[in-house]
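**Student:** One structure follows; several queries about it will come next.
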Amino acid sequence: QVQLVESGGGLVQAGGSARLSCVVSGTHFGSKLVGWYRQAPGKQREMVATMTPAHTSDYGDSVKGRFTITRDDAENTMYLQMNNLQPDDTAVYYCYLNHWPTDYWGKGTLVTVSS
């Protein structure tokens, strides 16, 4: 059974930083595409960052240059370092793993950025 558990959300002031973590169990983490998505109130879920098993990353346009995705395959953990946070970054952040043909999601962690 694949499980993803996020941590690290909370309240952050604009211009501040936060780091999210996601621990994965039940699958061979190192061979999977992983990533982070977010959903703000009243908006659709959007891609924040993804990373391939080869550690190639991709980012949504709104976070490029501010957010960094990393993964520790030995610890079955992915991270999202978020810098220069802005109120528009307020959302529930979900970690994601593709175990083809199924996508797996964490339950989400709320990040609130105050102005």
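By convention in this document, the chains of the structure tokens carry letters A, B, ... by their order, each chain's residues are numbered from 1, and ligands are numbered from 1 in the order they are shown.
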Which residues are near A:Lys107? Cut-off 12 Å, only C-alpha atoms, ignore same chain within fewer than 4 positions. Put them as number ranges by chain.
**Tutor:** A: 3-7, 22-23, 36-39, 92-96
**Student:** For those residues, write all heavy atoms to a file as a compact mmCIF listing (two decimals), in the first residue's frame.
**Tutor:**
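Result saved to again19.txt:
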```txt
# COMPACT_ATOMS: atom_id res chain seq x y z
N GLN A 3 1.77 4.99 0.53
CA GLN A 3 1.33 6.09 1.38
C GLN A 3 2.29 7.25 1.27
O GLN A 3 3.51 7.06 1.19
CB GLN A 3 1.23 5.64 2.84
CG GLN A 3 0.10 4.66 3.10
CD GLN A 3 -0.08 4.34 4.56
OE1 GLN A 3 0.90 4.21 5.30
NE2 GLN A 3 -1.34 4.24 5.00
N LEU A 4 1.74 8.46 1.28
CA LEU A 4 2.52 9.68 1.24
C LEU A 4 2.05 10.55 2.40
O LEU A 4 0.85 10.80 2.54
CB LEU A 4 2.33 10.44 -0.07
CG LEU A 4 2.89 9.83 -1.35
CD1 LEU A 4 1.98 8.72 -1.88
CD2 LEU A 4 3.09 10.89 -2.41
N VAL A 5 3.00 11.05 3.20
CA VAL A 5 2.66 11.86 4.35
C VAL A 5 3.47 13.15 4.32
O VAL A 5 4.70 13.12 4.41
CB VAL A 5 2.92 11.10 5.67
CG1 VAL A 5 2.56 11.98 6.86
CG2 VAL A 5 2.13 9.80 5.70
N GLU A 6 2.75 14.27 4.19
CA GLU A 6 3.40 15.58 4.14
C GLU A 6 3.56 16.15 5.55
O GLU A 6 2.79 15.83 6.45
CB GLU A 6 2.59 16.59 3.33
CG GLU A 6 2.30 16.21 1.91
CD GLU A 6 0.89 15.72 1.72
OE1 GLU A 6 0.30 15.23 2.72
OE2 GLU A 6 0.37 15.79 0.59
N SER A 7 4.51 17.06 5.66
CA SER A 7 4.67 17.85 6.88
C SER A 7 5.37 19.14 6.53
O SER A 7 5.96 19.27 5.45
CB SER A 7 5.49 17.09 7.94
OG SER A 7 6.78 16.80 7.45
N CYS A 22 7.85 15.17 2.45
CA CYS A 22 6.87 14.12 2.15
C CYS A 22 7.58 12.78 2.22
O CYS A 22 8.49 12.52 1.43
CB CYS A 22 6.25 14.34 0.79
SG CYS A 22 5.10 13.03 0.27
N VAL A 23 7.18 11.96 3.17
CA VAL A 23 7.75 10.63 3.32
C VAL A 23 6.85 9.63 2.62
O VAL A 23 5.63 9.62 2.82
CB VAL A 23 7.89 10.26 4.81
CG1 VAL A 23 8.47 8.86 4.95
CG2 VAL A 23 8.78 11.27 5.52
N TRP A 36 5.16 18.00 -6.37
CA TRP A 36 4.29 18.77 -5.49
C TRP A 36 3.27 19.52 -6.33
O TRP A 36 3.61 20.09 -7.37
CB TRP A 36 5.10 19.78 -4.69
CG TRP A 36 6.04 19.17 -3.70
CD1 TRP A 36 7.34 18.81 -3.91
CD2 TRP A 36 5.73 18.82 -2.35
NE1 TRP A 36 7.86 18.27 -2.77
CE2 TRP A 36 6.90 18.27 -1.79
CE3 TRP A 36 4.60 18.94 -1.54
CZ2 TRP A 36 6.96 17.82 -0.47
CZ3 TRP A 36 4.66 18.51 -0.23
CH2 TRP A 36 5.82 17.95 0.30
N TYR A 37 2.04 19.52 -5.87
CA TYR A 37 0.96 20.29 -6.46
C TYR A 37 0.34 21.13 -5.35
O TYR A 37 0.57 20.88 -4.17
CB TYR A 37 -0.10 19.36 -7.07
CG TYR A 37 0.30 18.75 -8.38
CD1 TYR A 37 1.33 17.82 -8.46
CD2 TYR A 37 -0.36 19.08 -9.56
CE1 TYR A 37 1.71 17.26 -9.67
CE2 TYR A 37 -0.01 18.52 -10.78
CZ TYR A 37 1.03 17.60 -10.82
OH TYR A 37 1.38 17.05 -12.02
N ARG A 38 -0.44 22.12 -5.75
CA ARG A 38 -1.13 22.92 -4.74
C ARG A 38 -2.51 23.32 -5.24
O ARG A 38 -2.76 23.37 -6.45
CB ARG A 38 -0.32 24.18 -4.39
CG ARG A 38 -0.22 25.21 -5.50
CD ARG A 38 0.69 26.34 -5.06
NE ARG A 38 0.77 27.38 -6.10
CZ ARG A 38 1.58 28.44 -6.02
NH1 ARG A 38 2.39 28.59 -4.96
NH2 ARG A 38 1.59 29.34 -6.98
N GLN A 39 -3.38 23.59 -4.29
CA GLN A 39 -4.72 24.04 -4.62
C GLN A 39 -5.11 25.16 -3.67
O GLN A 39 -5.20 24.97 -2.45
CB GLN A 39 -5.73 22.90 -4.53
CG GLN A 39 -7.12 23.26 -5.03
CD GLN A 39 -7.99 22.06 -5.28
OE1 GLN A 39 -7.73 20.96 -4.79
NE2 GLN A 39 -9.04 22.24 -6.06
N VAL A 92 -3.27 24.61 -0.14
CA VAL A 92 -2.95 23.29 0.38
C VAL A 92 -1.98 22.65 -0.60
O VAL A 92 -2.25 22.60 -1.81
CB VAL A 92 -4.21 22.42 0.54
CG1 VAL A 92 -3.83 21.03 1.02
CG2 VAL A 92 -5.19 23.08 1.52
N TYR A 93 -0.87 22.19 -0.07
CA TYR A 93 0.18 21.59 -0.88
C TYR A 93 0.12 20.07 -0.74
O TYR A 93 0.08 19.55 0.39
CB TYR A 93 1.55 22.12 -0.46
CG TYR A 93 1.79 23.52 -0.93
CD1 TYR A 93 1.14 24.60 -0.35
CD2 TYR A 93 2.66 23.79 -1.99
CE1 TYR A 93 1.34 25.90 -0.79
CE2 TYR A 93 2.88 25.08 -2.44
CZ TYR A 93 2.21 26.13 -1.84
OH TYR A 93 2.41 27.41 -2.28
N TYR A 94 0.13 19.39 -1.89
CA TYR A 94 0.03 17.94 -1.93
C TYR A 94 1.29 17.35 -2.56
O TYR A 94 1.73 17.82 -3.63
CB TYR A 94 -1.16 17.50 -2.77
CG TYR A 94 -2.50 17.97 -2.28
CD1 TYR A 94 -3.02 19.19 -2.70
CD2 TYR A 94 -3.26 17.19 -1.41
CE1 TYR A 94 -4.26 19.63 -2.26
CE2 TYR A 94 -4.50 17.63 -0.96
CZ TYR A 94 -4.99 18.85 -1.39
OH TYR A 94 -6.22 19.28 -0.96
N CYS A 95 1.84 16.32 -1.96
CA CYS A 95 2.90 15.60 -2.64
C CYS A 95 2.28 14.48 -3.47
O CYS A 95 1.16 14.03 -3.21
CB CYS A 95 3.95 15.08 -1.67
SG CYS A 95 3.39 13.95 -0.39
N TYR A 96 3.03 14.07 -4.47
CA TYR A 96 2.50 13.21 -5.53
C TYR A 96 3.56 12.20 -5.94
O TYR A 96 4.76 12.50 -5.96
CB TYR A 96 2.12 14.12 -6.71
CG TYR A 96 2.16 13.50 -8.07
CD1 TYR A 96 1.07 12.80 -8.58
CD2 TYR A 96 3.28 13.64 -8.89
CE1 TYR A 96 1.10 12.25 -9.85
CE2 TYR A 96 3.33 13.09 -10.15
CZ TYR A 96 2.23 12.41 -10.63
OH TYR A 96 2.26 11.87 -11.89
```
**Student:** Counting only C-alpha atoms, what is within 9 Å of A:Arg19, bar same-chain residues fewer than 2 positions away, as a ChimeraX atom specification?
**Tutor:** /A:7-9,17,21,79-83
**Student:** Output N, CA, C and O atoms for every residue in that selection, as a PDB file, in the first residue's frame.
**Tutor:**
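So again_20.pdb came out as:
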```pdb
ATOM      1  N   SER A   7       4.515  17.063   5.665  1.00  0.00           N
ATOM      2  CA  SER A   7       4.674  17.846   6.884  1.00  0.00           C
ATOM      3  C   SER A   7       5.366  19.145   6.527  1.00  0.00           C
ATOM      4  O   SER A   7       5.956  19.273   5.448  1.00  0.00           O
ATOM      5  N   GLY A   8       5.258  20.128   7.420  1.00  0.00           N
ATOM      6  CA  GLY A   8       5.996  21.365   7.249  1.00  0.00           C
ATOM      7  C   GLY A   8       5.157  22.581   6.908  1.00  0.00           C
ATOM      8  O   GLY A   8       5.699  23.675   6.772  1.00  0.00           O
ATOM      9  N   GLY A   9       3.853  22.429   6.766  1.00  0.00           N
ATOM     10  CA  GLY A   9       3.028  23.595   6.475  1.00  0.00           C
ATOM     11  C   GLY A   9       2.855  24.479   7.690  1.00  0.00           C
ATOM     12  O   GLY A   9       3.315  24.160   8.784  1.00  0.00           O
ATOM     13  N   SER A  17      10.312  31.995   4.265  1.00  0.00           N
ATOM     14  CA  SER A  17      10.595  30.693   3.665  1.00  0.00           C
ATOM     15  C   SER A  17       9.932  29.583   4.463  1.00  0.00           C
ATOM     16  O   SER A  17       9.621  29.755   5.652  1.00  0.00           O
ATOM     17  N   SER A  21       8.079  18.554   3.594  1.00  0.00           N
ATOM     18  CA  SER A  21       8.632  17.212   3.451  1.00  0.00           C
ATOM     19  C   SER A  21       7.508  16.236   3.142  1.00  0.00           C
ATOM     20  O   SER A  21       6.359  16.460   3.550  1.00  0.00           O
ATOM     21  N   TYR A  79      11.279  16.825  -0.865  1.00  0.00           N
ATOM     22  CA  TYR A  79      11.211  18.110  -0.172  1.00  0.00           C
ATOM     23  C   TYR A  79      10.812  19.200  -1.154  1.00  0.00           C
ATOM     24  O   TYR A  79      11.056  19.112  -2.353  1.00  0.00           O
ATOM     25  N   LEU A  80      10.241  20.255  -0.599  1.00  0.00           N
ATOM     26  CA  LEU A  80       9.977  21.466  -1.373  1.00  0.00           C
ATOM     27  C   LEU A  80      10.439  22.651  -0.542  1.00  0.00           C
ATOM     28  O   LEU A  80       9.835  22.976   0.484  1.00  0.00           O
ATOM     29  N   GLN A  81      11.525  23.270  -0.968  1.00  0.00           N
ATOM     30  CA  GLN A  81      12.027  24.482  -0.320  1.00  0.00           C
ATOM     31  C   GLN A  81      11.367  25.675  -0.992  1.00  0.00           C
ATOM     32  O   GLN A  81      11.469  25.846  -2.206  1.00  0.00           O
ATOM     33  N   MET A  82      10.680  26.472  -0.205  1.00  0.00           N
ATOM     34  CA  MET A  82       9.930  27.610  -0.742  1.00  0.00           C
ATOM     35  C   MET A  82      10.504  28.895  -0.154  1.00  0.00           C
ATOM     36  O   MET A  82      10.492  29.084   1.065  1.00  0.00           O
ATOM     37  N   ASN A  83      11.006  29.756  -1.025  1.00  0.00           N
ATOM     38  CA  ASN A  83      11.593  31.020  -0.603  1.00  0.00           C
ATOM     39  C   ASN A  83      10.779  32.192  -1.156  1.00  0.00           C
ATOM     40  O   ASN A  83      10.058  32.047  -2.139  1.00  0.00           O
TER      41      ASN A  83
END
```
**Student:** Can you work out which one of A:Val2, A:Met78, A:Val63, A:Leu85 has the shortest atom-to-atom distance to A:Met51, counting only C-alpha atoms?
**Tutor:**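 Going through A:Val2, A:Met78, A:Val63, A:Leu85 one by one, the smallest distance to A:Met51 is for A:Met78.
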**Student:** Taking only C-alpha atoms into account, name the residue in A:His99, A:Ala14, A:Arg66, A:Lys32 that is nearest to A:Val48.
**Tutor:**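 That would be A:Arg66, the residue with the smallest distance to A:Val48.
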**Student:** So which bits of stretch 7-90 of chain A end up helix (DSSP H, G or I) when you DSSP the backbone, as a PDB file with all heavy atoms, in the first residue's frame?
**Tutor:**
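Result saved to states32.pdb:
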```
ATOM      1  N   PHE A  29      10.682   4.014  -4.136  1.00  0.00           N
ATOM      2  CA  PHE A  29      10.646   5.461  -4.323  1.00  0.00           C
ATOM      3  C   PHE A  29      11.608   5.936  -5.400  1.00  0.00           C
ATOM      4  O   PHE A  29      11.259   6.767  -6.239  1.00  0.00           O
ATOM      5  CB  PHE A  29      10.982   6.119  -2.983  1.00  0.00           C
ATOM      6  CG  PHE A  29      11.007   7.617  -3.006  1.00  0.00           C
ATOM      7  CD1 PHE A  29       9.831   8.338  -2.943  1.00  0.00           C
ATOM      8  CD2 PHE A  29      12.217   8.303  -3.065  1.00  0.00           C
ATOM      9  CE1 PHE A  29       9.844   9.726  -2.948  1.00  0.00           C
ATOM     10  CE2 PHE A  29      12.240   9.683  -3.070  1.00  0.00           C
ATOM     11  CZ  PHE A  29      11.058  10.403  -3.006  1.00  0.00           C
ATOM     12  N   GLY A  30      12.804   5.408  -5.424  1.00  0.00           N
ATOM     13  CA  GLY A  30      13.837   5.940  -6.297  1.00  0.00           C
ATOM     14  C   GLY A  30      13.554   5.801  -7.780  1.00  0.00           C
ATOM     15  O   GLY A  30      14.184   6.498  -8.592  1.00  0.00           O
ATOM     16  N   SER A  31      12.643   4.958  -8.174  1.00  0.00           N
ATOM     17  CA  SER A  31      12.353   4.744  -9.590  1.00  0.00           C
ATOM     18  C   SER A  31      11.082   5.465 -10.051  1.00  0.00           C
ATOM     19  O   SER A  31      10.613   5.228 -11.162  1.00  0.00           O
ATOM     20  CB  SER A  31      12.205   3.247  -9.865  1.00  0.00           C
ATOM     21  OG  SER A  31      11.096   2.716  -9.160  1.00  0.00           O
ATOM     22  N   PRO A  87       1.557  36.078  -0.627  1.00  0.00           N
ATOM     23  CA  PRO A  87       0.179  35.675  -0.291  1.00  0.00           C
ATOM     24  C   PRO A  87      -0.462  34.772  -1.341  1.00  0.00           C
ATOM     25  O   PRO A  87      -1.258  33.891  -0.992  1.00  0.00           O
ATOM     26  CB  PRO A  87      -0.539  37.016  -0.150  1.00  0.00           C
ATOM     27  CG  PRO A  87       0.527  37.952   0.330  1.00  0.00           C
ATOM     28  CD  PRO A  87       1.775  37.529  -0.394  1.00  0.00           C
ATOM     29  N   ASP A  88      -0.123  34.968  -2.617  1.00  0.00           N
ATOM     30  CA  ASP A  88      -0.687  34.114  -3.671  1.00  0.00           C
ATOM     31  C   ASP A  88      -0.210  32.673  -3.583  1.00  0.00           C
ATOM     32  O   ASP A  88      -0.754  31.793  -4.267  1.00  0.00           O
ATOM     33  CB  ASP A  88      -0.334  34.670  -5.058  1.00  0.00           C
ATOM     34  CG  ASP A  88      -1.183  35.882  -5.431  1.00  0.00           C
ATOM     35  OD1 ASP A  88      -2.172  36.149  -4.711  1.00  0.00           O
ATOM     36  OD2 ASP A  88      -0.857  36.538  -6.434  1.00  0.00           O
ATOM     37  N   ASP A  89       0.795  32.406  -2.770  1.00  0.00           N
ATOM     38  CA  ASP A  89       1.263  31.029  -2.568  1.00  0.00           C
ATOM     39  C   ASP A  89       0.428  30.292  -1.537  1.00  0.00           C
ATOM     40  O   ASP A  89       0.631  29.090  -1.323  1.00  0.00           O
ATOM     41  CB  ASP A  89       2.729  31.024  -2.131  1.00  0.00           C
ATOM     42  CG  ASP A  89       3.670  31.575  -3.187  1.00  0.00           C
ATOM     43  OD1 ASP A  89       3.503  31.206  -4.368  1.00  0.00           O
ATOM     44  OD2 ASP A  89       4.565  32.367  -2.826  1.00  0.00           O
TER      45      ASP A  89
END
```
**Student:** Kindly give the distance, in Å, that separates atom CA of A:Val12 and atom CA of A:Ile69, rounded to a single decimal.
**Tutor:**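 Value for the atom CA of A:Val12-atom CA of A:Ile69 distance: 18.8 Å.
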**Student:** Can you tell me, as a VMD selection string, which residues in chain A count as strand (DSSP E or B) by DSSP?
**Tutor:** chain A and resid 3 to 7 10 to 13 18 to 25 33 to 39 46 to 51 57 to 59 67 to 72 77 to 82 91 to 99 102 to 105 109 to 114
**Student:** Expressed in Å to a single decimal, how great is the separation between atom CA of A:Thr27 and atom CA of A:Thr52?
**Tutor:**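 Taking atom CA of A:Thr27 as the start and atom CA of A:Thr52 as the end point, the length is 15.2 Å.
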**Student:** Taking only C-alpha atoms into account, which of A:Pro53, A:Gly106, A:Gly26, A:Gly16 comes nearest A:Phe67?
**Tutor:**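 The closest residue to A:Phe67 is A:Gly16.
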**Student:** A:Tyr104, A:Val34, A:Leu97, A:Gln86: which is nearest A:Gly15, counting only C-alpha atoms?
**Tutor:** A:Gln86
**Student:** Mind giving me the straight-line distance from atom CA of A:Asp73 to atom CA of A:Thr56 in Å, one decimal?
**Tutor:** 13.6 Å
**Student:** Taking only C-alpha atoms into account, which of A:Val24, A:Val111, A:Ala91, A:Leu11 comes nearest A:Gln44?
**Tutor:**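 Smallest separation from A:Gln44 among the options: A:Ala91.
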**Student:** So, counting only C-alpha atoms, which residue among A:Thr90, A:Thr109, A:Gln1, A:Thr70 is closest to A:His28?
**Tutor:** A:Gln1
